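Some notes on the structure that comes next.
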Amino acid sequence: MEQRTIELTNMADAIKIYNSNTNFLIHHIGEDHIDESFLKNELEEMQAHGFTSNYILVDNEPIGILDYMINGEGYVYLSLMMITKEKQKNGLGTAVYNFFEEMIRNSGAQIIRIDVVDDYENNVLPFWKKLGFEAKRRDELTWGNKKSSVSVMEKVL
């Protein structure tokens with residue numbers, strides 16, 4: 001497994017990964033697909049706020065996306081971990097998370113924070129709890145044109 005930065009010149013695979021997750025998109029941004037202009041805007045905004053957007057590759061094939069920010073005090077905000085729909089439900093999400101956690105542990109990180117949209121059925125709260133995250137508070141998140149209820153979760157490394 002490896003990580004590679006998503007650049008403005010190599011967005012096609014990222015668009016495919018996003019668009020394979022229709023249910024996620026509907027519940028997070030209020031749309032059933034994204035296009036190049038949406039992703040370009042996202043990448044530019046994330047970069048302006050100190051985030052990095054990355055492909056996760058297995059055998060040189062992009063199978064997921066990790067967007068995160070590491071600050072100087074050992075705090076990491078994981079804003080997106082998405083696996084292409086075709087590769088879900090076989091332990092790959094746990095493997096990708098473990099890869100990410102090991103990578104950021106090596107950077108000196110001490111806390112990982114995530115915001116989990118949990119205002120729809122079959123959300124992924126149980127997945128994150130199984131990985132050791134604890135809910136700290138409730139909040140609201142706006143992404144695209146959609147406001148969502150979120151559980152702010154943290155894991156101390």
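Ligands are numbered from 1 in the order shown, residues from 1 within each chain, and chains are lettered A, B, ... in the order they appear in the structure tokens.
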
With only C-alpha atoms as the counted atoms, please give the residues lying no more than 12 Å from Arg105 (chain A), apart from itself and same-chain residues fewer than 2 positions off, as a ChimeraX atom specification. /A:70,74-76,97-103,107-112,155-157

So which bits of region 37-130 of chain A end up strand (DSSP E) when you DSSP the backbone, as a ChimeraX atom specification? /A:52-58,61-70,75-83,111-117

Create the file for the chosen residues now, containing N, CA and C atoms and written as a short mmCIF file (atom, residue, chain, number, x, y, z; two decimals), in the first residue's frame.
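part-v8.cif written:
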```
data_model
loop_
_atom_site.label_atom_id
_atom_site.label_comp_id
_atom_site.auth_asym_id
_atom_site.auth_seq_id
_atom_site.Cartn_x
_atom_site.Cartn_y
_atom_site.Cartn_z
N THR A 52 -3.70 17.92 2.79
CA THR A 52 -3.18 17.20 1.64
C THR A 52 -4.23 16.18 1.21
N SER A 53 -4.42 16.03 -0.08
CA SER A 53 -5.37 15.06 -0.63
C SER A 53 -4.57 14.01 -1.37
N ASN A 54 -4.81 12.74 -1.02
CA ASN A 54 -3.95 11.66 -1.49
C ASN A 54 -4.73 10.46 -2.00
N TYR A 55 -4.16 9.83 -3.03
CA TYR A 55 -4.64 8.52 -3.43
C TYR A 55 -4.02 7.49 -2.50
N ILE A 56 -4.75 6.43 -2.25
CA ILE A 56 -4.19 5.23 -1.65
C ILE A 56 -4.13 4.21 -2.77
N LEU A 57 -2.97 3.65 -2.98
CA LEU A 57 -2.78 2.70 -4.07
C LEU A 57 -2.42 1.32 -3.54
N VAL A 58 -2.97 0.30 -4.17
CA VAL A 58 -2.59 -1.08 -3.92
C VAL A 58 -2.18 -1.65 -5.27
N GLU A 61 -2.68 0.62 -8.15
CA GLU A 61 -4.06 0.96 -8.53
C GLU A 61 -4.67 1.87 -7.47
N PRO A 62 -5.18 3.05 -7.85
CA PRO A 62 -5.85 3.92 -6.87
C PRO A 62 -7.15 3.26 -6.39
N ILE A 63 -7.21 2.97 -5.08
CA ILE A 63 -8.40 2.30 -4.53
C ILE A 63 -9.11 3.18 -3.50
N GLY A 64 -8.52 4.31 -3.17
CA GLY A 64 -9.13 5.16 -2.17
C GLY A 64 -8.50 6.54 -2.11
N ILE A 65 -9.10 7.36 -1.23
CA ILE A 65 -8.65 8.74 -1.04
C ILE A 65 -8.50 9.00 0.45
N LEU A 66 -7.44 9.68 0.82
CA LEU A 66 -7.21 10.16 2.18
C LEU A 66 -6.93 11.65 2.12
N ASP A 67 -7.75 12.44 2.81
CA ASP A 67 -7.52 13.87 2.94
C ASP A 67 -7.26 14.15 4.42
N TYR A 68 -6.16 14.82 4.72
CA TYR A 68 -5.84 15.08 6.12
C TYR A 68 -4.90 16.27 6.26
N MET A 69 -4.80 16.72 7.51
CA MET A 69 -3.90 17.81 7.86
C MET A 69 -3.19 17.44 9.16
N ILE A 70 -1.89 17.60 9.19
CA ILE A 70 -1.10 17.40 10.41
C ILE A 70 -0.62 18.77 10.86
N TYR A 75 -1.31 16.98 16.20
CA TYR A 75 -2.74 16.81 16.03
C TYR A 75 -3.03 16.60 14.55
N VAL A 76 -3.81 15.58 14.23
CA VAL A 76 -4.14 15.27 12.84
C VAL A 76 -5.65 15.34 12.67
N TYR A 77 -6.08 16.01 11.61
CA TYR A 77 -7.50 16.03 11.26
C TYR A 77 -7.65 15.22 9.98
N LEU A 78 -8.30 14.06 10.08
CA LEU A 78 -8.58 13.21 8.93
C LEU A 78 -9.96 13.62 8.42
N SER A 79 -9.99 14.35 7.30
CA SER A 79 -11.27 14.87 6.82
C SER A 79 -11.97 13.92 5.87
N LEU A 80 -11.25 13.01 5.23
CA LEU A 80 -11.89 12.06 4.33
C LEU A 80 -11.05 10.80 4.19
N MET A 81 -11.69 9.67 4.38
CA MET A 81 -11.12 8.37 4.02
C MET A 81 -12.21 7.67 3.23
N MET A 82 -11.97 7.49 1.95
CA MET A 82 -12.97 6.90 1.07
C MET A 82 -12.33 5.78 0.25
N ILE A 83 -12.99 4.64 0.24
CA ILE A 83 -12.55 3.50 -0.57
C ILE A 83 -13.53 3.37 -1.73
N ILE A 111 -2.84 12.70 18.35
CA ILE A 111 -4.30 12.65 18.35
C ILE A 111 -4.79 12.73 16.91
N ILE A 112 -5.78 11.89 16.58
CA ILE A 112 -6.45 11.97 15.29
C ILE A 112 -7.89 12.37 15.54
N ARG A 113 -8.35 13.35 14.78
CA ARG A 113 -9.75 13.79 14.88
C ARG A 113 -10.44 13.50 13.56
N ILE A 114 -11.70 13.08 13.66
CA ILE A 114 -12.56 12.89 12.48
C ILE A 114 -13.93 13.46 12.78
N ASP A 115 -14.63 13.90 11.75
CA ASP A 115 -16.02 14.33 11.86
C ASP A 115 -16.84 13.33 11.06
N VAL A 116 -17.70 12.58 11.74
CA VAL A 116 -18.46 11.52 11.10
C VAL A 116 -19.90 11.98 10.90
N VAL A 117 -20.32 12.10 9.64
CA VAL A 117 -21.71 12.43 9.33
C VAL A 117 -22.55 11.23 9.77
#
```

Each region 99-157 of chain A residue no farther than 7 Å from region 25-28 of chain A, nearest pair in Å, only C-alpha atoms, as a tab-separated table:
```
residue	atom	partner	partner_atom	distance
A:Trp143	CA	A:His28	CA	6.6
A:Lys146	CA	A:His28	CA	6.6
A:Ser148	CA	A:His28	CA	6.9
```

Residue nearest Gly72 (chain A) among A:Asn19, A:Glu45, A:Gly50, A:Gly132 (counting only C-alpha atoms): A:Gly50

Can you work out which one of A:Ile15, A:Thr84, A:Leu39, A:Glu31 has the shortest atom-to-atom distance to Val96 (chain A), counting only C-alpha atoms? A:Thr84

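Pairwise distance (CA of Ala95 (chain A), CA of Glu42 (chain A)) equals 25.5 Å.
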
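As for CA of Thr9 (chain A) and CA of Asp35 (chain A), they are spaced 14.0 Å apart.
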
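Atom pair CA of Glu7 (chain A) / CA of Leu43 (chain A) has a distance of 8.0 Å (rounded to one decimal).
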